[in-house]
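Q: Could you have a look at this structure, given as structure tokens, before my questions?
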Amino acid sequence: MSKTLPARIMISKPGLDGHDRGAVLIVQALRDAGFDVIYTGLRRTPRQIAVAAAQEDVDVLGASCMSGAHIVLLSAVVKELDALHWRPTLLLAGGIIPPRDVENIETMGYSTVFGPGTSLKSIAEAIAGLVPARTTRSATSAPTWVQMATQLTTLELETTRWVEKQPQSGKIVVVAGQGGSGKSTLIGSLIKVAQQDGLKLAVLANDPANPISQGSILADRLRMPMDFDADRVLIRSLPVHGTGEIVASSCGQIATTLAVDYDLVIVETIGVGQNQPVAFSWPHITVSVVAPGSGDHWQLRKNALLETCHTLVIHKCDLPEAQRHMLEVQQVLHDVRGDKLPALFKTSLDDGASAQALLDHLINA
Amino acid sequence: MSKPKHVYGPQDAPGEAAEAQPGVYPYRRSIHQQMYRQKLWTMRQYSGYGGPQQTNQRFKQIIASGGTGLSLAFDLPTQLGLDSDHELARGEVGRTGVAIDTVDDMAAVFDGIDLSQISTSMTINAPAAVLWVFYMLVGQRHGVLPRALRGTVQNDILKEYIARGAYIYPLEPNLRLISDLFEYCGQYTPKFNVISVSGYHIREAGATAVQELAFTLANACVYVQKLIDSGQDINRVGRQISFFFSVDNGFLEEAAKFRAARVMWARIMRDQFGADVDACRLRFHCQTAGSSLTAQQPDNNAVRVALQAMSAVLGGTQSLHTNARDEALGLPADSASQLALRTQQIIACETNITDYVDPLAGSYAVEALTQQYIDQATDLISEIDRQGGMKMAVESGLIKRWVQDAAYQRQRGIENGSIPIVGVNCHQQNEQSLPRDVLQLDPEVETSAIEHVQKHRAGRDEKACAKSLQILFATARCSENLIPKIEESAKAGATVGEISGELQKVFGSHQPTAI
């Protein structure tokens, strides 16, 4: 059985240009038109854009350039895509691009060039006409990780109610915590140390879809590092359409598939209902992340994850109010779990040593 | 802003409006008594592209056409502290402005231009200190004393995080650079504005006029607080900070916005920071709104620019850039740039507006609008304070999010027709795709800039240069003023990229927050 999902679009800003009003407008408009949209953020190299697009196996890749460097940058993006032996279904370009350059850009492989004065509506309509839904691509001569990325799209589109057992070698870690607790930055630090250790690590970042338009902005990727060795690190966003079992099993299917190839698969849960125990039927370790500012004593008590999690990370310990927060957390833990305490880690932003300790613990758990 | 009323009357103008006098605190009417009767605004056209020689020619052309100030645009690699031969600079050299790697490049830009006679504004932020030092060294070569140099470095990093994207370092170390430069400039170049707090780019990114006002003044307060904390005299701070606003289509609204900005700043400076009333004058540069230009029926843009320029003059600007009609499509062609400058000259010479100081004063509608801007922007600044202050609001991405939301709302208004734009959603006509004469950059520019910087490095005393950079590095790690060390490095032949790179080793990089 297969299901229909919105087309996945990546909007990118290659080069040094810092003007992203247009790019961000397009991201917002496409979300509201019901697409799943990923924005790369500013100042990305063509290589970073190609890797991100292939990892996400996006249906559409758009590149926006306002600085006049479009010929060099747009052709470099295509060159990097070709080096990966992978292409999206649709390549689009936009920005301050004079009419005389349009033909040249179309020859590179961009289907449409949206110049100044284009309406958001016409962009959304053009995409919907050409790529109405998420589709699969084949990438037979591509590197292993690109093939894996395209295989994940097939899994996204399957309707599964249970997770097939796989000969799994890697660990699956589910990271949960309130929005703002720093899950994505923590995972970013784990990516850095995992690379130094020569481990293969995959991240599956869940993001909720807008219940009205069904579209979403998949923003977790933006908070994670862009410079990584793509042979060892795979980051994949997963828009959460619908609720309950089906979502959990689709995510589980993808995570267990990744765990065949990767030493560690980190599943970042969505920002709602994050205080509740995760009812995943597949084998995993639950890591709960809390940070100063994520609530007082009573709110911590409502956090049911504290009662069940395998590992607890107190993040952002460099903040001034961290000491008090830590005491509160320990108090609540003691009350709800007695002496059956979770493994406890204190981490802070930009602290490689604490991330390393957490990684070692997860690998050996 | 609320919807305009049917009719404005005396009850709509606040009492203080009637008492306001030109050149008198809080400067609602103007910062000088005589305004343009005594001295016209500076006609300062932002330009720069390609290599230093091309920009030099453009500058000479501007001066010959009657431009009264210079405004230097840098290419993106320079703005980001990268030399022309850096890998990330591919395709970008000389595009958005001139490529400057060395003091020699800067000297070539100003070759044959008398720096004691003309003021120069430089749109440079993260590496502002480096480019200011280069400019001062060029002045020295011309035999012009630093104290005779006049101009402005934009040096406003907060709006880069919010809107423009040309940041390098995190906020705190960049604030230190700003404060170091301020201290140094006070001693050597007292006629230089060390920060031009810029609402322009925030507005261009989609902010409303109220947001532009509030965020600009809130940013200015961050700088003033930093400068006071590092021991600077508040009255000197008041005299060496200037502002930069956008002037958009709302003809009366924009003029009122400038009047509101003057009152708000004067009160902030006196009441919050204790400045003398003389140091509370808000001096500002204006640029017509690039985002109001349309790709459709581009000749219409010349009319928009003229009306916007008029609004800036009625609002009492000190300096003005008028956009060229073809800038929605690319860099302006020569003829379009010329027309843009002529637009200012026609306003100055032919309309007689310059004979009147703040002629809009006393208009019930304009006084009411002025008050509305003051009230609403003041409320927004209080809201920012409630959210933890401007620094935190910028670093957390809150301000950027507010601006993006406003941009999206506006764009939807344009697309559903509730915000009419001639040629875009009303009075449209079928247009052929027009083969326009927009400026095309010679690809040789990049190659020759790369060769030039590499030749420069090969020809300098490498040991002395490396030594100076080591000293710079060590100084960055302590709290001593960095500017003399930047100057030593520049004299030893270090490039923009090398100096910025050395600082980055200590300061690290700004990490933007996700949208």
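We name chains A, B, ... following the order of the structure tokens; residues begin at 1 in each chain, and ligands are numbered from 1 as shown.
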Using only C-alpha atoms, determine which residues lie at most 7 Å from Val289 (chain A), disregarding the query and same-chain residues fewer than 2 positions distant; provide the list as a ChimeraX atom specification.

A: /A:176-177,181,183,287,291,312-315

Q: Taking only C-alpha atoms into account, report as an NGL selection string which residues of chain A lie within 8 Å of chain B.

A: :A and (15-21 or 24-25 or 28 or 41-42 or 45 or 67-73 or 96-100 or 116-117 or 119-121 or 219-220 or 222-223)

Q: Excluding Phe114 (chain A) and residues on its chain fewer than 3 positions from it, collect all residues at most 8 Å away from it, counting only C-alpha atoms, and give them as a list in words.

A: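 Answer for this query is Leu92, Ala93, Gly94, Gly95, Thr118 and Ile123 of chain A.
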
Q: Store the residues picked out above in a file with N, CA and C atoms, as a PDB file, in the first residue's frame.

A:
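Wrote it out as result_13.pdb, contents follow:
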```pdb
ATOM      1  N   LEU A  92      14.907  24.625 -10.131  1.00  0.00           N
ATOM      2  CA  LEU A  92      14.405  25.967 -10.396  1.00  0.00           C
ATOM      3  C   LEU A  92      15.434  27.008  -9.971  1.00  0.00           C
ATOM      4  N   ALA A  93      15.417  28.145 -10.631  1.00  0.00           N
ATOM      5  CA  ALA A  93      16.315  29.241 -10.243  1.00  0.00           C
ATOM      6  C   ALA A  93      15.489  30.508 -10.082  1.00  0.00           C
ATOM      7  N   GLY A  94      15.999  31.426  -9.252  1.00  0.00           N
ATOM      8  CA  GLY A  94      15.289  32.690  -9.066  1.00  0.00           C
ATOM      9  C   GLY A  94      16.222  33.760  -8.551  1.00  0.00           C
ATOM     10  N   GLY A  95      15.755  35.003  -8.573  1.00  0.00           N
ATOM     11  CA  GLY A  95      16.560  36.105  -8.073  1.00  0.00           C
ATOM     12  C   GLY A  95      16.648  37.218  -9.090  1.00  0.00           C
ATOM     13  N   THR A 118       8.103  38.169 -10.044  1.00  0.00           N
ATOM     14  CA  THR A 118       7.285  36.944 -10.074  1.00  0.00           C
ATOM     15  C   THR A 118       6.412  36.880  -8.824  1.00  0.00           C
ATOM     16  N   ILE A 123       4.615  30.857  -8.604  1.00  0.00           N
ATOM     17  CA  ILE A 123       5.655  29.862  -8.328  1.00  0.00           C
ATOM     18  C   ILE A 123       5.024  28.584  -7.776  1.00  0.00           C
TER      19      ILE A 123
END
```

Q: Which of these, A:Leu362, A:Leu155, A:Leu258, A:Ala53, has the shortest distance to Leu5 (chain A) once you count only C-alpha atoms?

A: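 Ranked by minimum distance to Leu5 (chain A), first place goes to A:Leu155.
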
Q: For Leu333 (chain A), list every protein, DNA or RNA residue within 12 Å, evaluated using only C-alpha atoms, and leave out those in the same chain fewer than 3 positions away; present the list as a list in words.

A: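 These residues fall inside the cut-off: His297, Leu300, Arg301, Lys302, Asn303, Ala304, Leu305, Leu306, Glu307, Thr308, Cys309, Thr311, Leu312, Met326, Leu327, Glu328, Val329, Gln330, Val336, Arg337, Gly338, Asp339, Lys340, Leu341, Pro342, Ala343 and Leu344 of chain A.
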
Q: I need the residue nearest Lys3 (chain B) from this list: B:Ala490, B:Leu369, B:Ile124, B:Met392. Use only C-alpha atoms for the distance.

A: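 Between B:Ala490, B:Leu369, B:Ile124, B:Met392, the residue approaching Lys3 (chain B) most closely is B:Leu369.
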
Q: Report as a CSV table (one decimal) with C-alpha atoms, in the first residue's frame: the residues of region 115-195 of chain B with a DSSP assignment of strand (DSSP E), based on the backbone of this structure.

A:
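Saved as part.csv:
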```
chain,number,residue,atom,x,y,z
B,119,SER,CA,33.0,63.0,2.3
B,120,THR,CA,33.0,59.3,1.7
B,121,SER,CA,30.5,56.8,3.1
B,122,MET,CA,31.4,53.2,3.2
B,151,GLY,CA,32.8,60.4,6.1
B,152,THR,CA,30.9,57.4,7.5
B,153,VAL,CA,31.5,53.8,8.0
B,192,PHE,CA,33.9,60.7,10.8
B,193,ASN,CA,30.6,59.0,11.7
B,195,ILE,CA,28.3,54.0,13.1
```

Q: Rounded to one decimal place, report the CA of Met1 (chain B)-CA of Trp41 (chain B) distance in Å.

A: 28.7 Å

Q: Pick out the residues sitting within 12 Å of region 157-169 of chain A, and hand them over as a ChimeraX atom specification; count only C-alpha atoms, and ignore anything fewer than 4 positions along from it in its own chain.

A: /A:1-7,133-136,150-153,200,238-239,241,244-265,280-284,363

Q: Would you save the residues of that selection, restricted to N, CA and C atoms, as a short mmCIF file (atom, residue, chain, number, x, y, z; two decimals), in the first residue's frame?

A:
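selection.cif, freshly written:
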```cif
data_model
loop_
_atom_site.label_atom_id
_atom_site.label_comp_id
_atom_site.auth_asym_id
_atom_site.auth_seq_id
_atom_site.Cartn_x
_atom_site.Cartn_y
_atom_site.Cartn_z
N MET A 1 0.85 -1.20 0.00
CA MET A 1 0.00 0.00 0.00
C MET A 1 0.88 1.24 0.00
N SER A 2 0.46 2.20 -0.76
CA SER A 2 1.24 3.43 -0.71
C SER A 2 0.32 4.62 -0.45
N LYS A 3 0.92 5.69 0.02
CA LYS A 3 0.13 6.87 0.33
C LYS A 3 0.65 8.07 -0.47
N THR A 4 -0.12 9.14 -0.48
CA THR A 4 0.29 10.34 -1.20
C THR A 4 0.82 11.36 -0.20
N LEU A 5 1.99 11.87 -0.47
CA LEU A 5 2.58 12.91 0.38
C LEU A 5 2.83 14.16 -0.46
N PRO A 6 2.88 15.33 0.18
CA PRO A 6 3.19 16.54 -0.57
C PRO A 6 4.61 16.46 -1.14
N ALA A 7 4.82 17.12 -2.27
CA ALA A 7 6.17 17.18 -2.83
C ALA A 7 7.09 17.87 -1.82
N ALA A 133 3.10 15.72 -6.34
CA ALA A 133 3.25 14.96 -5.09
C ALA A 133 4.67 14.42 -4.97
N ARG A 134 4.95 13.90 -3.79
CA ARG A 134 6.25 13.29 -3.55
C ARG A 134 6.41 12.07 -4.44
N THR A 135 7.56 11.97 -5.07
CA THR A 135 7.81 10.82 -5.94
C THR A 135 9.15 10.19 -5.61
N THR A 136 9.33 8.99 -6.11
CA THR A 136 10.61 8.33 -5.88
C THR A 136 11.52 8.56 -7.08
N THR A 150 17.40 7.68 -1.44
CA THR A 150 16.26 7.48 -2.34
C THR A 150 15.38 6.32 -1.85
N GLN A 151 16.03 5.34 -1.23
CA GLN A 151 15.27 4.21 -0.69
C GLN A 151 14.34 4.68 0.44
N LEU A 152 14.83 5.67 1.23
CA LEU A 152 14.00 6.18 2.33
C LEU A 152 12.71 6.80 1.79
N THR A 153 12.78 7.38 0.62
CA THR A 153 11.58 7.98 0.04
C THR A 153 10.53 6.91 -0.24
N LYS A 200 29.57 6.09 11.85
CA LYS A 200 28.55 6.47 10.88
C LYS A 200 27.26 6.81 11.63
N LEU A 238 11.80 14.56 8.35
CA LEU A 238 10.61 13.74 8.19
C LEU A 238 9.39 14.54 8.62
N PRO A 239 8.62 15.04 7.65
CA PRO A 239 7.42 15.78 8.03
C PRO A 239 6.41 14.81 8.63
N HIS A 241 2.89 13.90 8.94
CA HIS A 241 1.54 14.09 8.44
C HIS A 241 0.65 13.07 9.13
N GLY A 244 -0.34 9.32 15.38
CA GLY A 244 -0.45 7.99 15.95
C GLY A 244 0.40 6.92 15.31
N GLU A 245 -0.18 5.78 15.31
CA GLU A 245 0.49 4.54 14.92
C GLU A 245 1.24 4.60 13.59
N ILE A 246 0.51 5.14 12.59
CA ILE A 246 1.07 5.09 11.24
C ILE A 246 2.36 5.91 11.18
N VAL A 247 2.30 7.08 11.81
CA VAL A 247 3.49 7.93 11.85
C VAL A 247 4.62 7.20 12.57
N ALA A 248 4.28 6.64 13.72
CA ALA A 248 5.31 5.97 14.52
C ALA A 248 5.92 4.81 13.75
N SER A 249 5.10 4.08 13.01
CA SER A 249 5.65 2.92 12.32
C SER A 249 6.44 3.33 11.09
N SER A 250 5.99 4.42 10.41
CA SER A 250 6.74 4.89 9.25
C SER A 250 8.12 5.38 9.69
N CYS A 251 8.14 6.12 10.77
CA CYS A 251 9.40 6.60 11.32
C CYS A 251 10.27 5.42 11.75
N GLY A 252 9.62 4.41 12.37
CA GLY A 252 10.35 3.24 12.84
C GLY A 252 10.94 2.45 11.69
N GLN A 253 10.15 2.34 10.62
CA GLN A 253 10.64 1.60 9.45
C GLN A 253 11.89 2.26 8.89
N ILE A 254 11.85 3.58 8.81
CA ILE A 254 12.99 4.31 8.27
C ILE A 254 14.19 4.20 9.21
N ALA A 255 13.91 4.35 10.52
CA ALA A 255 15.01 4.29 11.49
C ALA A 255 15.68 2.92 11.49
N THR A 256 14.87 1.87 11.47
CA THR A 256 15.47 0.53 11.50
C THR A 256 16.22 0.22 10.20
N THR A 257 15.72 0.76 9.09
CA THR A 257 16.44 0.57 7.84
C THR A 257 17.81 1.27 7.89
N LEU A 258 17.80 2.48 8.44
CA LEU A 258 19.06 3.21 8.56
C LEU A 258 20.03 2.49 9.49
N ALA A 259 19.48 1.84 10.52
CA ALA A 259 20.34 1.20 11.51
C ALA A 259 21.09 -0.01 10.95
N VAL A 260 20.70 -0.45 9.76
CA VAL A 260 21.46 -1.52 9.13
C VAL A 260 22.84 -1.01 8.71
N ASP A 261 22.86 0.22 8.25
CA ASP A 261 24.10 0.80 7.71
C ASP A 261 24.84 1.73 8.67
N TYR A 262 24.12 2.31 9.59
CA TYR A 262 24.71 3.35 10.44
C TYR A 262 24.88 2.86 11.87
N ASP A 263 25.96 3.30 12.51
CA ASP A 263 26.25 2.87 13.88
C ASP A 263 25.25 3.45 14.86
N LEU A 264 24.82 4.67 14.57
CA LEU A 264 23.90 5.33 15.48
C LEU A 264 22.84 6.06 14.65
N VAL A 265 21.58 5.84 15.00
CA VAL A 265 20.49 6.56 14.33
C VAL A 265 19.78 7.39 15.38
N PHE A 280 6.90 3.90 20.88
CA PHE A 280 7.44 3.22 19.71
C PHE A 280 7.63 1.74 20.03
N SER A 281 7.16 0.89 19.10
CA SER A 281 7.23 -0.54 19.39
C SER A 281 8.59 -1.13 19.01
N TRP A 282 9.41 -0.34 18.31
CA TRP A 282 10.68 -0.89 17.88
C TRP A 282 11.78 -0.55 18.88
N PRO A 283 12.84 -1.35 18.86
CA PRO A 283 13.87 -1.18 19.88
C PRO A 283 14.57 0.18 19.79
N HIS A 284 14.66 0.86 20.90
CA HIS A 284 15.32 2.15 20.91
C HIS A 284 15.66 2.56 22.34
N ILE A 363 26.59 4.83 22.46
CA ILE A 363 27.11 3.73 21.64
C ILE A 363 27.21 2.45 22.47
#
```

Q: Go through B:Lys455, B:Glu383, B:Ser337, B:Ser396 and flag the residue nearest Arg58 (chain B), using only C-alpha atoms for the distances.

A: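 Using only C-alpha atoms, the shortest distance to Arg58 (chain B) belongs to B:Ser337.
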